[in-house]
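**Q** Sharing a structure here in structure tokens format.
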Amino acid sequence: MKEIYDHARELMKGYCRVCPECNGRACRGEVPGMGGLGTASAFKDNLDALKEVRFNMRLVHDVAEPDTRVTILGKELDLPVLAAPIGGVSFNMGGKISEEDYVKAIIRGCKEKGIMGCTGDGVPEFIHGAALAEIKASGGHGIPFIKPWEDKEFFEKIEKVRNTGASIVGMDIDAAGLVTLKQMGRPVSPKGVEKLGEIIKKTDMTFILKGVLTVEDAVAAADAGADAIVVSNHGGRVLDFTPGAARVLPRIARAVGDRITVLADGGVRSGGDVLKLLALGADAVMIGRPFSVAALGGLKEGVTAYIDKIKMELVQAMVLTGTQRADQVKDTILFRS
Ligand SMILES: Cc1cc2nc3c(=O)[nH]c(=O)nc-3n(C[C@H](O)[C@H](O)[C@H](O)COP(=O)(O)O)c2cc1C
């Protein structure tokens with residue numbers, strides 16, 4: 001990965017320093033850019049919350065070859081990881097590669113490794129356009145996310161999504177707070193439970209609601225008919241001082257985990273972090289910035305190399321905690337004093 005990181009550092013100059021640990025410190029406040037909003041406390045807490053979680057190391061057992069596969073929303077994934085939706089290569093990453101080449105690297109790299117890539121949305125229009133063109137070219141193998149626009153724009157985009165062959169779509173409802181959209185004067189807004197129910201019904205596809213941090217919103221999402229939620233503070237980019245995902249995930253998973261699929265993201269930097277979020281109640285996790293760096297640094301090969309790395313670390317963590325299956329992770333693998 002060193003070559004990939006070195007190349008990414010060169011291409012992302014002024015936008016991302018490709019730090020030894022991607023933790024929000026050096027890039028604090030850099031939105032647009034790759035950072036977290038304001039003090040970056042929400043970005044940093046994603047990592048801090050995960051660091052507080054410790055494993056019970058177990059070696060006296062028979063687990064030598066763990067099974068990392070999970071089935072999420074009807075799709076089998078070789079490991080419980082998705083590339084999080086990230087858009088805006090030009091204003092967030094420096095634009096040394098095109099949005100098209102970026103999504104191509106993410107979508108194809110993920111497909112090659114048996115997982116799924118998600119795509120972002122935003123202004124300018126080609127962010128979504130490039131994503132949908134690539135998902136279509138990949139036979140619908142990808143999950144496009146749409147911002148919580150007003151109805152007309154939202155449903156125009158849904159119709160375009162339908163043409164790609166994708167069967168799952170997401171809405172990052174927390175983008176209602178994005179400063180980048182506000183700066184551009186674009187109308188996004190929160191949605192009440194009834195409105196959300198109407199949107200999900202009319203969309204008529206497997207629906208993921210991203211940006212849930214409370215039990216109240218999680219229950220409302222399930223009541224509105226969402227098939228899945230992503231417990232996420234948007235990588236700390238929408239509201240400073242929100243908690244890291246790992247802090248709120250257990251109570252949310254307890255509240256809705258038997259009704260809908262629970263995904264989570266924020267600060268996942270290793271296979272061990274993936275296993276931690278599974279033990280805290282997620283069915284699968286999304287990883288954001290590290291995928292962007294891998295894509296910039298090595299295009300599709302960067303992405304596949306990164307997935308190999310995460311899988312190797314996950315297998316190692318599963319063996320050392322005696323976890324046989326990624327779809328049956330118990331919270332007893334976590335250390336409680
Ligand atoms: C530059 C950038 C752009 C993003 N764009 C989107 C987007 O278009 N849609 C979305 O749902 N989330 C977006 N996100 C949030 C990510 O999907 C994800 O929630 C977050 O990056 C996870 O945290 P991590 O980067 O620490 O893994 C973006 C994040 C970054 C850093």
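Chain labels run A, B, ... following the order of the structure tokens; each chain numbers its residues from 1, and ligands are numbered from 1 in the order shown.
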Step by step, measure atom-to-atom distances between ligand 1 and each residue using only C-alpha atoms and all ligand atoms, keep those at most 7 Å, then write them as an NGL selection string.
**A** :A and (33-35 or 43 or 46 or 84-88 or 92-93 or 119-122 or 145 or 171-172 or 210 or 232-235 or 265-268 or 286-290)
**Q** What lies within 12 Å of Asp62 in chain A using only C-alpha atoms, ignoring chain neighbours under 5 positions off, as a PyMOL selection string?
**A** chain A and resi 318-324
**Q** Between CA of Ile168 in chain A and CA of Ile143 in chain A, what distance in Å does the model show, to one decimal?
**A** 5.7 Å
**Q** Show me, as a compact mmCIF listing (two decimals) with N, CA and C atoms, in the first residue's frame, the residues that have an atom within 10 Å of Ala137 in chain A when counting only C-alpha atoms, minus same-chain residues fewer than 4 positions from it.
**A**
# COMPACT_ATOMS: atom_id res chain seq x y z
N LYS A 104 -15.46 4.71 -11.03
CA LYS A 104 -15.08 3.48 -11.72
C LYS A 104 -14.17 2.63 -10.83
N ILE A 107 -16.42 1.33 -7.76
CA ILE A 107 -17.45 0.35 -8.12
C ILE A 107 -16.81 -0.94 -8.64
N ARG A 108 -15.84 -0.81 -9.55
CA ARG A 108 -15.24 -2.01 -10.14
C ARG A 108 -14.31 -2.74 -9.17
N ALA A 131 -21.75 8.65 -11.31
CA ALA A 131 -22.01 7.47 -10.48
C ALA A 131 -22.99 6.53 -11.17
N LEU A 132 -24.07 7.09 -11.66
CA LEU A 132 -25.10 6.23 -12.26
C LEU A 132 -24.60 5.57 -13.54
N ALA A 133 -23.82 6.32 -14.32
CA ALA A 133 -23.28 5.74 -15.56
C ALA A 133 -22.40 4.54 -15.22
N HIS A 141 -24.35 -3.13 -10.20
CA HIS A 141 -23.65 -3.54 -8.99
C HIS A 141 -23.10 -2.32 -8.25
N THR A 164 -30.41 2.13 -14.12
CA THR A 164 -29.05 1.58 -14.01
C THR A 164 -29.05 0.08 -13.74
N GLY A 165 -30.21 -0.45 -13.31
CA GLY A 165 -30.25 -1.86 -12.92
C GLY A 165 -29.96 -2.05 -11.44
**Q** List every residue of range 63-294 of chain A that DSSP, applied to the backbone, labels as helix (DSSP H, G or I), and write the result as number ranges by chain.
**A** A: 89-93, 99-112, 126-137, 151-162, 173-177, 179-183, 193-203, 215-224, 234-236, 245-256, 271-279, 289-294
**Q** Using CA of Ser189 in chain A and CA of Asp174 in chain A as the two end points, give the distance in Å to one decimal.
**A**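 Atom-to-atom, CA of Ser189 in chain A and CA of Asp174 in chain A are spaced 8.8 Å apart.
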**Q** Might you pull out every residue within 12 Å of range 13-15 of chain A, with only C-alpha atoms counted and same-chain residues fewer than 4 positions away left off, and present them as a count of residues only?
**A** 30
**Q** What residues in range 22-194 of chain A get the DSSP label strand (DSSP E or B)? Please answer as a list in words.
**A** Phe55, Asp67, Val70, Thr71, Ile72, Lys75, Glu76, Leu77, Val81, Leu82, Ala83, Met116, Gly117, Cys118, Thr119, Ile143, Pro144, Phe145, Ile146, Trp149, Ile168, Val169, Gly170, Met171, Asp172 and Val188 of chain A
**Q** State, in Å with one decimal place, the distance from CA of Phe241 in chain A to CA of Thr261 in chain A.
**A**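 Interatomic distance, CA of Phe241 in chain A to CA of Thr261 in chain A: 26.0 Å.
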**Q** So, with only C-alpha atoms as the atoms that count, which of A:Val179, A:Ala224, A:Leu59, A:Ala130 lies closest to Glu198 in chain A?
**A** A:Ala224
